[in-house]
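Q: So here's protein13.cif (mmCIF, C-alpha atoms).
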```cif
data_structure
#
loop_
_atom_site.label_atom_id
_atom_site.label_comp_id
_atom_site.auth_asym_id
_atom_site.auth_seq_id
_atom_site.Cartn_x
_atom_site.Cartn_y
_atom_site.Cartn_z
CA MET S 1 6.74 0.41 -14.99
CA LYS S 2 6.04 -2.11 -12.26
CA ASN S 3 3.00 -1.46 -10.10
CA ILE S 4 3.31 -2.97 -6.62
CA LYS S 5 0.06 -2.56 -4.71
CA LYS S 6 -1.77 -4.17 -1.82
CA SER S 7 -5.03 -6.00 -2.47
CA LEU S 8 -7.13 -3.27 -0.87
CA LYS S 9 -10.42 -2.90 -2.70
CA ILE S 10 -11.32 0.74 -3.31
CA ALA S 11 -14.91 0.84 -4.48
CA THR S 12 -15.85 4.33 -5.59
CA LEU S 13 -12.93 6.71 -5.85
CA LEU S 14 -13.48 10.27 -4.72
CA VAL S 15 -10.95 13.03 -5.08
CA CYS S 16 -9.25 14.97 -2.33
CA ALA S 17 -6.32 17.22 -3.19
CA TYR S 18 -4.56 18.71 -0.22
CA ALA S 19 -1.44 20.79 0.11
CA SER S 20 -0.32 24.06 1.55
CA SER S 21 -0.76 26.71 -1.13
CA ALA S 22 2.67 28.07 -0.33
CA GLN S 23 4.39 24.88 -1.46
CA ALA S 24 4.69 23.16 -4.81
CA LEU S 25 4.08 19.52 -3.79
CA VAL S 26 0.48 18.34 -4.04
CA ILE S 27 -0.62 15.07 -2.43
CA HIS S 28 -3.81 13.90 -4.09
CA PHE S 29 -5.87 11.27 -2.23
CA ASN S 30 -8.22 8.69 -3.74
CA TYR S 31 -10.28 7.40 -0.84
CA ALA S 32 -12.93 4.76 -0.37
CA THR S 33 -16.58 5.68 -0.10
CA GLY S 34 -17.63 6.09 3.50
CA MET S 35 -14.21 6.91 4.91
CA ASP S 36 -14.56 8.56 8.30
CA PRO S 37 -14.06 12.33 7.87
CA THR S 38 -11.87 12.30 10.99
CA ALA S 39 -9.54 9.77 9.39
CA LEU S 40 -9.49 11.74 6.14
CA ALA S 41 -8.57 14.88 8.06
CA GLY S 42 -5.76 12.89 9.67
CA PHE S 43 -4.41 11.93 6.24
CA GLN S 44 -4.63 15.55 5.18
CA ALA S 45 -2.69 16.64 8.26
CA ALA S 46 -0.01 14.05 7.44
CA ALA S 47 0.13 15.31 3.85
CA THR S 48 0.65 18.86 5.12
CA ARG S 49 3.71 17.72 7.06
CA TRP S 50 5.32 16.64 3.79
CA THR S 51 4.10 19.56 1.68
CA ASP S 52 5.58 21.92 4.26
CA ILE S 53 8.99 20.29 3.77
CA LEU S 54 9.28 19.08 0.17
CA ARG S 55 9.46 21.88 -2.40
CA ASP S 56 9.18 19.96 -5.68
CA ASN S 57 6.52 20.97 -8.17
CA VAL S 58 4.92 17.54 -8.51
CA GLN S 59 1.68 15.76 -7.71
CA VAL S 60 1.64 12.44 -5.83
CA ASN S 61 -1.51 10.29 -6.13
CA LEU S 62 -2.29 7.93 -3.27
CA ASN S 63 -5.09 5.44 -2.64
CA ILE S 64 -6.02 5.33 1.04
CA GLY S 65 -8.32 3.17 3.13
CA PHE S 66 -8.86 0.88 6.09
CA THR S 67 -8.77 -2.91 6.06
CA ALA S 68 -7.84 -5.86 8.28
CA LEU S 69 -4.05 -6.21 8.23
CA GLY S 70 -1.84 -8.83 9.82
CA ALA S 71 -1.29 -9.11 13.56
CA GLY S 72 0.79 -6.23 14.89
CA ILE S 73 0.66 -4.24 11.62
CA LEU S 74 -0.62 -0.69 11.98
CA GLY S 75 -0.27 0.36 8.34
CA SER S 76 1.03 -0.88 5.02
CA THR S 77 2.10 0.86 1.83
CA GLY S 78 2.49 -0.58 -1.64
CA SER S 79 4.39 1.82 -3.89
CA THR S 80 4.57 1.99 -7.66
CA LYS S 81 8.19 1.43 -8.74
CA VAL S 82 9.93 2.54 -11.93
CA THR S 83 13.37 1.56 -13.24
CA TYR S 84 16.16 3.71 -14.68
CA SER S 85 19.80 3.20 -15.48
CA TYR S 86 22.13 4.11 -12.65
CA ASP S 87 23.72 6.73 -14.92
CA ALA S 88 20.35 8.37 -15.59
CA TYR S 89 19.41 8.38 -11.93
CA ARG S 90 22.80 9.73 -10.76
CA ASN S 91 22.74 12.43 -13.43
CA ALA S 92 19.23 13.46 -12.35
CA LEU S 93 20.41 13.63 -8.73
CA ALA S 94 23.36 15.78 -9.76
CA ALA S 95 21.16 18.15 -11.76
CA ASP S 96 18.78 18.43 -8.80
CA ALA S 97 21.46 18.90 -6.11
CA ILE S 98 20.95 22.43 -4.81
CA GLY S 99 21.95 22.08 -1.15
CA VAL S 100 24.95 21.01 0.86
CA TYR S 101 23.61 17.54 1.73
CA ASP S 102 22.58 16.41 -1.74
CA GLN S 103 25.72 17.90 -3.28
CA ALA S 104 27.81 15.91 -0.79
CA ALA S 105 25.77 12.79 -1.48
CA VAL S 106 26.26 13.08 -5.24
CA ALA S 107 29.98 13.66 -4.76
CA GLY S 108 30.18 10.39 -2.84
CA LEU S 109 28.42 8.28 -5.48
CA SER S 110 30.31 6.07 -7.90
CA LYS S 111 31.05 7.69 -11.25
CA SER S 112 31.06 4.30 -12.95
CA SER S 113 27.99 3.06 -14.83
CA CYS S 114 28.09 -0.12 -12.74
CA LEU S 115 27.93 -0.41 -8.97
CA ASN S 116 30.05 -2.86 -7.01
CA VAL S 117 27.80 -4.45 -4.42
CA VAL S 118 28.39 -6.65 -1.38
CA MET S 119 25.51 -9.14 -1.20
CA ASN S 120 24.54 -12.68 -0.21
CA GLY S 121 21.97 -15.31 -1.11
CA THR S 122 21.11 -16.08 -4.77
CA GLY S 123 22.02 -19.02 -6.95
CA VAL S 124 25.29 -17.48 -8.09
CA ASN S 125 26.82 -17.18 -4.64
CA PRO S 126 30.29 -18.77 -4.80
CA ALA S 127 29.56 -20.39 -1.42
CA GLY S 128 26.49 -22.19 -2.77
CA VAL S 129 22.84 -21.61 -3.64
CA GLY S 130 21.16 -19.22 -1.21
CA SER S 131 24.17 -19.03 1.07
CA GLY S 132 24.37 -16.26 3.63
CA ALA S 133 28.06 -15.89 2.86
CA LEU S 134 28.97 -12.49 1.46
CA PHE S 135 30.37 -12.00 -2.03
CA LEU S 136 31.24 -9.04 -4.21
CA ASP S 137 28.82 -8.66 -7.09
CA ASN S 138 30.65 -6.64 -9.75
CA ASN S 139 29.51 -8.29 -12.98
CA CYS S 140 27.65 -5.19 -14.23
CA ASN S 141 24.37 -6.92 -14.98
CA ALA S 142 20.91 -5.49 -14.29
CA ASN S 143 21.17 -5.05 -10.53
CA ASN S 144 24.53 -3.30 -10.87
CA ASN S 145 23.52 -0.78 -13.50
CA THR S 146 19.89 0.08 -12.68
CA ILE S 147 18.05 1.87 -9.88
CA ARG S 148 14.40 1.31 -8.93
CA PRO S 149 12.87 4.35 -7.18
CA THR S 150 9.23 4.93 -6.39
CA LEU S 151 7.24 6.76 -9.03
CA ALA S 152 6.90 9.74 -6.68
CA ASN S 153 10.67 9.91 -6.21
CA ALA S 154 11.14 9.80 -9.99
CA ARG S 155 8.66 12.65 -10.38
CA ALA S 156 10.70 14.77 -7.96
CA LEU S 157 13.83 14.21 -10.03
CA GLY S 158 12.21 15.03 -13.36
CA LEU S 159 12.69 11.48 -14.64
CA THR S 160 8.99 11.13 -15.41
CA ALA S 161 5.91 13.34 -15.63
CA ALA S 162 5.47 15.64 -12.65
CA VAL S 163 1.69 15.41 -12.88
CA ASP S 164 -0.47 12.64 -14.34
CA SER S 165 -3.15 10.18 -13.23
CA ARG S 166 -0.88 7.26 -12.33
CA VAL S 167 -1.21 6.00 -8.77
CA ASP S 168 2.01 6.44 -6.80
CA GLY S 169 1.01 4.15 -3.96
CA SER S 170 -1.76 2.57 -1.91
CA ILE S 171 -1.87 2.96 1.87
CA SER S 172 -3.91 0.65 4.09
CA PHE S 173 -4.57 1.25 7.77
CA SER S 174 -5.57 -1.46 10.18
CA ASN S 175 -9.11 -1.22 11.49
CA LEU S 176 -8.19 -3.37 14.49
CA PHE S 177 -6.48 -0.70 16.63
CA THR S 178 -7.49 2.37 18.59
CA TRP S 179 -6.30 5.56 16.89
CA ASP S 180 -5.79 9.07 18.18
CA PHE S 181 -6.45 11.44 15.27
CA ASN S 182 -5.09 14.60 16.90
CA ALA S 183 -1.66 14.54 18.52
CA ALA S 184 -1.63 18.30 19.16
CA ASP S 185 -2.55 17.63 22.80
CA GLY S 186 -0.59 14.38 23.01
CA VAL S 187 -1.61 10.84 22.11
CA ASP S 188 -3.91 8.85 24.37
CA ALA S 189 -2.06 6.22 26.35
CA ASN S 190 -4.19 3.42 24.86
CA ALA S 191 -4.06 4.66 21.26
CA TYR S 192 -1.68 5.08 18.33
CA ASP S 193 -0.79 8.35 16.61
CA PHE S 194 -2.80 8.24 13.37
CA VAL S 195 -1.25 11.34 11.79
CA GLY S 196 2.22 10.08 12.67
CA VAL S 197 1.65 6.65 11.15
CA ALA S 198 0.05 8.23 8.05
CA THR S 199 3.12 10.48 7.72
CA HIS S 200 5.33 7.38 7.91
CA GLU S 201 3.36 5.52 5.24
CA ILE S 202 3.37 8.49 2.87
CA GLY S 203 7.14 8.60 3.40
CA HIS S 204 7.45 5.13 1.90
CA ALA S 205 5.51 6.17 -1.19
CA LEU S 206 7.74 9.23 -1.51
CA GLY S 207 10.81 7.02 -1.71
CA PHE S 208 12.01 5.60 1.61
CA ILE S 209 12.22 1.98 0.43
CA SER S 210 14.96 -0.64 0.14
CA GLY S 211 15.54 -3.38 -2.39
CA VAL S 212 17.11 -5.42 0.40
CA ASP S 213 13.59 -6.36 1.50
CA ILE S 214 13.15 -8.22 -1.81
CA LEU S 215 16.46 -10.00 -1.38
CA ASP S 216 15.58 -10.82 2.24
CA GLY S 217 12.35 -12.50 1.17
CA ASN S 218 14.07 -14.53 -1.55
CA ARG S 219 17.60 -14.99 -0.22
CA ALA S 220 17.51 -18.78 -0.20
CA GLY S 221 16.39 -19.11 -3.82
CA ASN S 222 18.31 -20.44 -6.79
CA TYR S 223 18.22 -17.33 -8.95
CA SER S 224 20.66 -14.91 -10.53
CA ASP S 225 22.06 -11.99 -8.60
CA ALA S 226 19.86 -9.67 -10.67
CA ALA S 227 16.53 -11.46 -10.27
CA PHE S 228 15.30 -9.93 -7.00
CA THR S 229 17.96 -7.40 -6.20
CA TYR S 230 17.17 -4.03 -7.71
CA ILE S 231 18.80 -1.22 -5.76
CA ALA S 232 16.58 1.56 -4.41
CA PRO S 233 17.75 5.16 -3.92
CA THR S 234 18.25 4.82 -0.16
CA ASP S 235 20.43 1.75 -0.81
CA LEU S 236 22.99 3.98 -2.51
CA TYR S 237 23.89 5.19 0.98
CA ARG S 238 23.69 1.78 2.70
CA CYS S 239 27.10 0.81 4.05
CA SER S 240 28.77 -1.72 6.31
CA ASP S 241 32.25 -2.37 7.60
CA VAL S 242 32.51 -5.18 5.04
CA SER S 243 31.48 -3.04 2.06
CA LYS S 244 33.83 -0.26 3.17
CA GLY S 245 36.70 -2.71 3.58
CA ALA S 246 36.04 -4.25 0.17
CA GLY S 247 35.91 -0.87 -1.53
CA ALA S 248 32.34 -1.62 -2.65
CA ASP S 249 29.79 1.08 -3.34
CA LEU S 250 27.16 -0.31 -0.96
CA ASP S 251 26.06 -3.28 1.15
CA PHE S 252 23.03 -5.09 -0.28
CA SER S 253 22.93 -8.12 1.97
CA ALA S 254 20.20 -9.60 4.16
CA ASP S 255 21.74 -10.52 7.51
CA THR S 256 22.10 -9.19 11.04
CA ARG S 257 25.30 -7.16 10.56
CA THR S 258 25.07 -3.40 11.11
CA LYS S 259 24.18 -1.39 8.01
CA TYR S 260 24.62 2.35 8.25
CA PHE S 261 23.62 5.53 6.44
CA SER S 262 26.60 7.41 4.99
CA LEU S 263 27.06 10.19 2.43
CA ASP S 264 30.84 10.12 2.14
CA LYS S 265 31.70 6.74 0.63
CA CYS S 266 31.00 4.87 3.88
CA ASN S 267 33.52 6.81 5.94
CA THR S 268 31.03 8.40 8.34
CA THR S 269 27.97 6.88 10.03
CA LEU S 270 24.90 9.13 10.24
CA ALA S 271 22.45 6.46 11.45
CA THR S 272 21.79 2.73 11.18
CA PHE S 273 19.14 0.85 9.21
CA SER S 274 16.91 -2.11 9.95
CA THR S 275 18.26 -5.21 8.22
CA GLY S 276 15.40 -7.49 7.16
CA VAL S 277 12.45 -9.50 8.47
CA ALA S 278 13.58 -13.00 7.51
CA PHE S 279 17.37 -12.96 7.88
CA GLY S 280 18.04 -9.64 9.59
CA ASP S 281 16.86 -8.01 12.80
CA GLY S 282 13.18 -8.77 12.23
CA ARG S 283 12.31 -5.37 10.76
CA GLN S 284 12.06 -4.43 7.09
CA ALA S 285 15.22 -2.89 5.68
CA SER S 286 13.21 0.07 4.37
CA HIS S 287 13.39 1.74 7.80
CA TRP S 288 15.76 3.24 10.29
CA LYS S 289 16.94 0.92 13.07
CA ASP S 290 14.03 0.12 15.35
CA ASN S 291 13.50 2.18 18.48
CA ALA S 292 16.66 4.24 17.96
CA GLY S 293 14.81 7.55 17.97
CA TYR S 294 15.94 8.48 14.47
CA GLY S 295 12.64 9.78 13.15
CA ILE S 296 9.35 9.15 11.40
CA MET S 297 10.75 6.22 9.36
CA ASP S 298 11.29 4.07 12.46
CA PRO S 299 9.61 0.67 11.76
CA THR S 300 7.36 0.59 14.84
CA ALA S 301 5.28 2.86 17.06
CA GLY S 302 4.09 2.57 20.62
CA LYS S 303 0.80 3.44 22.25
CA GLY S 304 0.84 7.05 23.41
CA GLU S 305 3.87 7.87 21.25
CA VAL S 306 3.86 11.13 19.28
CA MET S 307 5.64 10.76 15.95
CA THR S 308 7.32 13.59 14.03
CA ILE S 309 9.61 14.09 11.03
CA SER S 310 13.21 14.52 12.19
CA ALA S 311 16.22 16.30 10.75
CA LEU S 312 17.58 12.88 9.79
CA ASP S 313 14.39 12.04 7.88
CA ARG S 314 14.68 15.33 6.04
CA LYS S 315 18.29 14.60 5.17
CA MET S 316 17.41 11.23 3.62
CA PHE S 317 14.63 12.65 1.48
CA ASP S 318 16.98 15.44 0.42
CA VAL S 319 19.69 13.08 -0.79
CA ILE S 320 17.33 10.76 -2.71
CA GLY S 321 16.16 13.68 -4.81
CA TRP S 322 13.55 15.79 -3.03
CA ASN S 323 14.16 19.51 -2.59
CA VAL S 324 14.34 20.05 1.17
CA PRO S 325 15.38 23.29 2.88
CA GLU S 326 18.54 22.47 4.81
CA PRO S 327 18.96 24.03 8.26
CA GLY S 328 22.47 25.41 8.58
CA SER S 329 22.66 24.25 12.17
CA ILE S 330 22.66 20.55 11.28
CA ALA S 331 26.11 19.01 10.91
CA LEU S 332 26.77 17.61 7.46
CA PHE S 333 28.26 14.34 8.63
CA GLY S 334 27.63 12.94 12.00
CA LEU S 335 7.77 -4.12 -2.59
CA GLY S 336 7.93 -6.18 -4.61
CA LEU S 337 7.14 -6.04 -0.75
CA ALA S 338 4.81 -3.53 0.80
CA ALA S 339 6.41 -1.47 3.54
CA LEU S 340 4.80 -2.47 6.82
CA PHE S 341 4.56 -0.42 9.97
CA GLY S 342 4.25 -2.23 13.26
CA MET S 343 3.27 -1.72 16.86
CA ARG S 344 5.62 -1.93 19.80
CA LYS S 345 5.50 -1.60 23.53
CA ARG S 346 6.78 1.70 24.81
CA ASN S 347 10.02 1.61 26.71
CA ALA S 348 9.68 1.97 30.44
#
```
In structure tokens, what does this structure look like?

A:
Amino acid sequence: MKNIKKSLKIATLLVCAYASSAQALVIHFNYATGMDPTALAGFQAAATRWTDILRDNVQVNLNIGFTALGAGILGSTGSTKVTYSYDAYRNALAADAIGVYDQAAVAGLSKSSCLNVVMNGTGVNPAGVGSGALFLDNNCNANNNTIRPTLANARALGLTAAVDSRVDGSISFSNLFTWDFNAADGVDANAYDFVGVATHEIGHALGFISGVDILDGNRAGNYSDAAFTYIAPTDLYRCSDVSKGAGADLDFSADTRTKYFSLDKCNTTLATFSTGVAFGDGRQASHWKDNAGYGIMDPTAGKGEVMTISALDRKMFDVIGWNVPEPGSIALFGLGLAALFGMRKRNA
């Protein structure tokens, strides 16, 4: 198991378990001594949003606190990652597929033990070390035959213990911004939606991550295609026109080309993703496309903006292995790096 955490110092850990009694998911918080009760209540409200949606009988353990983050960063999440063979992960998804979305997603996944991946960078790129040129990686080494989900995601799929003391992630909030801790009556025009941002950060720990962020941060290096390129569950549904044209299973490149969310072997676009901080569109790949209105996993938030979980968010968590009630009215088809959440100006 690889534990990827921020450097947040949590002095004395207290325990706060919070979940709706009607649901199976429990989100268990370890929080720093002296945390403002208002902020803690905001985290609890964010947890309730997820426990009202996700029906898996598991416990997720999260460290939470405030610290000084980088300029423009509202929150940051470091998630614990675990690694499984692609076969084991796909089989767990298939066994857990109880609704129309996850059944369709599993049907669209490769039945081979090795994924064919369009990627760039690395020291094995035929165009040269670290080149941005695309190539088809189909050599069936570690990055082709393994999947790296978050620990929480693995719990939901029954790949590891549903309940134990391991920390699933650490969430840090910036202490440099003005927060509104109750969006029920709207968010103050000069403040950010605390419960919304907390919901977003918990979403990363639950599994909305992308291995492309690791590639993006190391694309220019002279390393093998498997060194920094472990595929995350959301990447299984990451497509492009190039990957579709090449007959590849997914697009795992760091560049500015459009990458889209698809459940039917890249034939239908449900949404688009962000493409990378260094070589992409400036936003981490572990998010929806910025400012597209897709849902809670948008990479930025604006002052006065109320943030909520969308039907599209629910669909993604469903297809990566969480049990999510599926509204019949929704059409079927339409870190190594910490996941960072940023601020943005609201559109006029």

Q: Carefully work through the PyMOL selection byres ((chain S and resi 40) around 12) for this structure and note down the residues it includes, as a VMD selection string.

A: chain S and resid 14 to 18 28 to 39 41 to 47 63 to 66 173 181 to 182 194 to 195 198

Q: Do you know which residues are at most 9 Å from segment 93-106 of chain S counting only C-alpha atoms, after dropping those on the same chain fewer than 4 positions away, and could you put them as a list in words?

A: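 Once the nearby chain positions are removed, what remains is Ala88, Tyr89, Ser110, Ala156, Leu157, Gly158, Tyr237, Ser262, Leu263, Asp264, Lys265, Lys315, Asp318, Val319, Ile320, Gly321, Trp322, Asn323, Val324, Pro325, Glu326, Leu332 and Phe333 of chain S.
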
Q: Which of these residues is nearest to Trp179 of chain S, using all atoms listed in the file: S:Arg238, S:Lys303, S:Lys244, S:Lys81?

A: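 Result for the nearest residue to Trp179 of chain S: S:Lys303.
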
Q: As an exercise, work out the distance from atom CA of Thr178 of chain S to atom CA of Gly70 of chain S in Å and give it to one decimal place.

A: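 Taking atom CA of Thr178 of chain S and atom CA of Gly70 of chain S, their separation equals 15.3 Å.
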
Q: Starting from the shown file, work through the PyMOL selection byres ((chain S and resi 275) around 12) and note down what comes out as an MDAnalysis selection string.

A: chainID S and resid 210:217 235 238:240 251:260 272:274 276:290 299

Q: Mind dumping the selected residues with C-alpha atoms as a JSON list (two decimals), in the frame of the given file?

A:
```
[["chain", "number", "residue", "atom", "x", "y", "z"],
["S", 210, "SER", "CA", 14.96, -0.64, 0.14],
["S", 211, "GLY", "CA", 15.54, -3.38, -2.39],
["S", 212, "VAL", "CA", 17.11, -5.42, 0.40],
["S", 213, "ASP", "CA", 13.59, -6.36, 1.50],
["S", 214, "ILE", "CA", 13.15, -8.22, -1.81],
["S", 215, "LEU", "CA", 16.46, -10.00, -1.38],
["S", 216, "ASP", "CA", 15.58, -10.82, 2.24],
["S", 217, "GLY", "CA", 12.35, -12.50, 1.17],
["S", 235, "ASP", "CA", 20.43, 1.75, -0.81],
["S", 238, "ARG", "CA", 23.69, 1.78, 2.70],
["S", 239, "CYS", "CA", 27.10, 0.81, 4.05],
["S", 240, "SER", "CA", 28.77, -1.72, 6.31],
["S", 251, "ASP", "CA", 26.06, -3.28, 1.15],
["S", 252, "PHE", "CA", 23.03, -5.09, -0.28],
["S", 253, "SER", "CA", 22.93, -8.12, 1.97],
["S", 254, "ALA", "CA", 20.20, -9.60, 4.16],
["S", 255, "ASP", "CA", 21.74, -10.52, 7.51],
["S", 256, "THR", "CA", 22.10, -9.19, 11.04],
["S", 257, "ARG", "CA", 25.30, -7.16, 10.56],
["S", 258, "THR", "CA", 25.07, -3.40, 11.11],
["S", 259, "LYS", "CA", 24.18, -1.39, 8.01],
["S", 260, "TYR", "CA", 24.62, 2.35, 8.25],
["S", 272, "THR", "CA", 21.79, 2.73, 11.18],
["S", 273, "PHE", "CA", 19.14, 0.85, 9.21],
["S", 274, "SER", "CA", 16.91, -2.11, 9.95],
["S", 276, "GLY", "CA", 15.40, -7.49, 7.16],
["S", 277, "VAL", "CA", 12.45, -9.50, 8.47],
["S", 278, "ALA", "CA", 13.58, -13.00, 7.51],
["S", 279, "PHE", "CA", 17.37, -12.96, 7.88],
["S", 280, "GLY", "CA", 18.04, -9.64, 9.59],
["S", 281, "ASP", "CA", 16.86, -8.01, 12.80],
["S", 282, "GLY", "CA", 13.18, -8.77, 12.23],
["S", 283, "ARG", "CA", 12.31, -5.37, 10.76],
["S", 284, "GLN", "CA", 12.06, -4.43, 7.09],
["S", 285, "ALA", "CA", 15.22, -2.89, 5.68],
["S", 286, "SER", "CA", 13.21, 0.07, 4.37],
["S", 287, "HIS", "CA", 13.39, 1.74, 7.80],
["S", 288, "TRP", "CA", 15.76, 3.24, 10.29],
["S", 289, "LYS", "CA", 16.94, 0.92, 13.07],
["S", 290, "ASP", "CA", 14.03, 0.12, 15.35],
["S", 299, "PRO", "CA", 9.61, 0.67, 11.76]]
```

Q: In Å, rounded to a single decimal, give me how far atom CA of Phe177 of chain S is from atom CA of Thr300 of chain S.

A: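 These atoms are spaced 14.0 Å apart.
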
Q: For Leu136 of chain S, which residue out of S:Thr67, S:Thr83, S:Thr268, S:Ser243 is the nearest one, using all atoms listed in the file?

A: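 Closest to Leu136 of chain S, using all atoms listed in the file: S:Ser243.
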
Q: Would you please work out which residue, of S:Ser170, S:Asp87, S:Ile296, S:Leu250, is nearest to Ala205 of chain S when using all atoms listed in the file?

A: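 The closest residue to Ala205 of chain S is S:Ser170.
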
Q: Any chance you could work out the residue set of the PyMOL selection byres ((chain S and resi 141) around 10) here, as a ChimeraX atom specification?

A: /S:114-115,137-140,142-146,224-226

Q: Rank nothing, just name the residue among S:Thr229, S:Thr77, S:Asn222, S:Ser85 nearest to Val118 of chain S, using all atoms listed in the file.

A: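 With all atoms listed in the file as the atom set, the closest residue is S:Thr229.
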
Q: Between S:Asn267, S:Ser112, S:Asn153, S:Thr122, single out the one closest to Asp56 of chain S, counting only C-alpha atoms.

A: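 Selected residue with least distance to Asp56 of chain S: S:Asn153.
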
Q: Between atom CA of Ala154 of chain S and atom CA of Arg55 of chain S, what distance in Å does the model show, to one decimal?

A: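 Separation between atom CA of Ala154 of chain S and atom CA of Arg55 of chain S: 14.4 Å.
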
Q: Check the smallest atom-to-atom distance from each of S:Leu109, S:Ile202, S:Ile309, S:Met297 to Ser172 of chain S using all atoms listed in the file, then report the winner.

A: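 Closest residue, counting all atoms listed in the file: S:Ile202.
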
Q: Set the distance at 8 Å and use all atoms listed in the file: which residues neighbour segment 160-163 of chain S once local chain neighbours fewer than 6 positions away are removed? I'd like the list as an NGL selection string.

A: :S and (57-60 or 151 or 154)

Q: Adding 6 Å on each side of the box along x, y and z that holds all listed atoms of segment 79-92 of chain S, could you give its centre and edge lengths in Å to one decimal, as lines of an AutoDock Vina configuration file?

A:
```
center_x = 14.1
center_y = 7.4
center_z = -9.7
size_x = 31.3
size_y = 24.0
size_z = 23.7
```
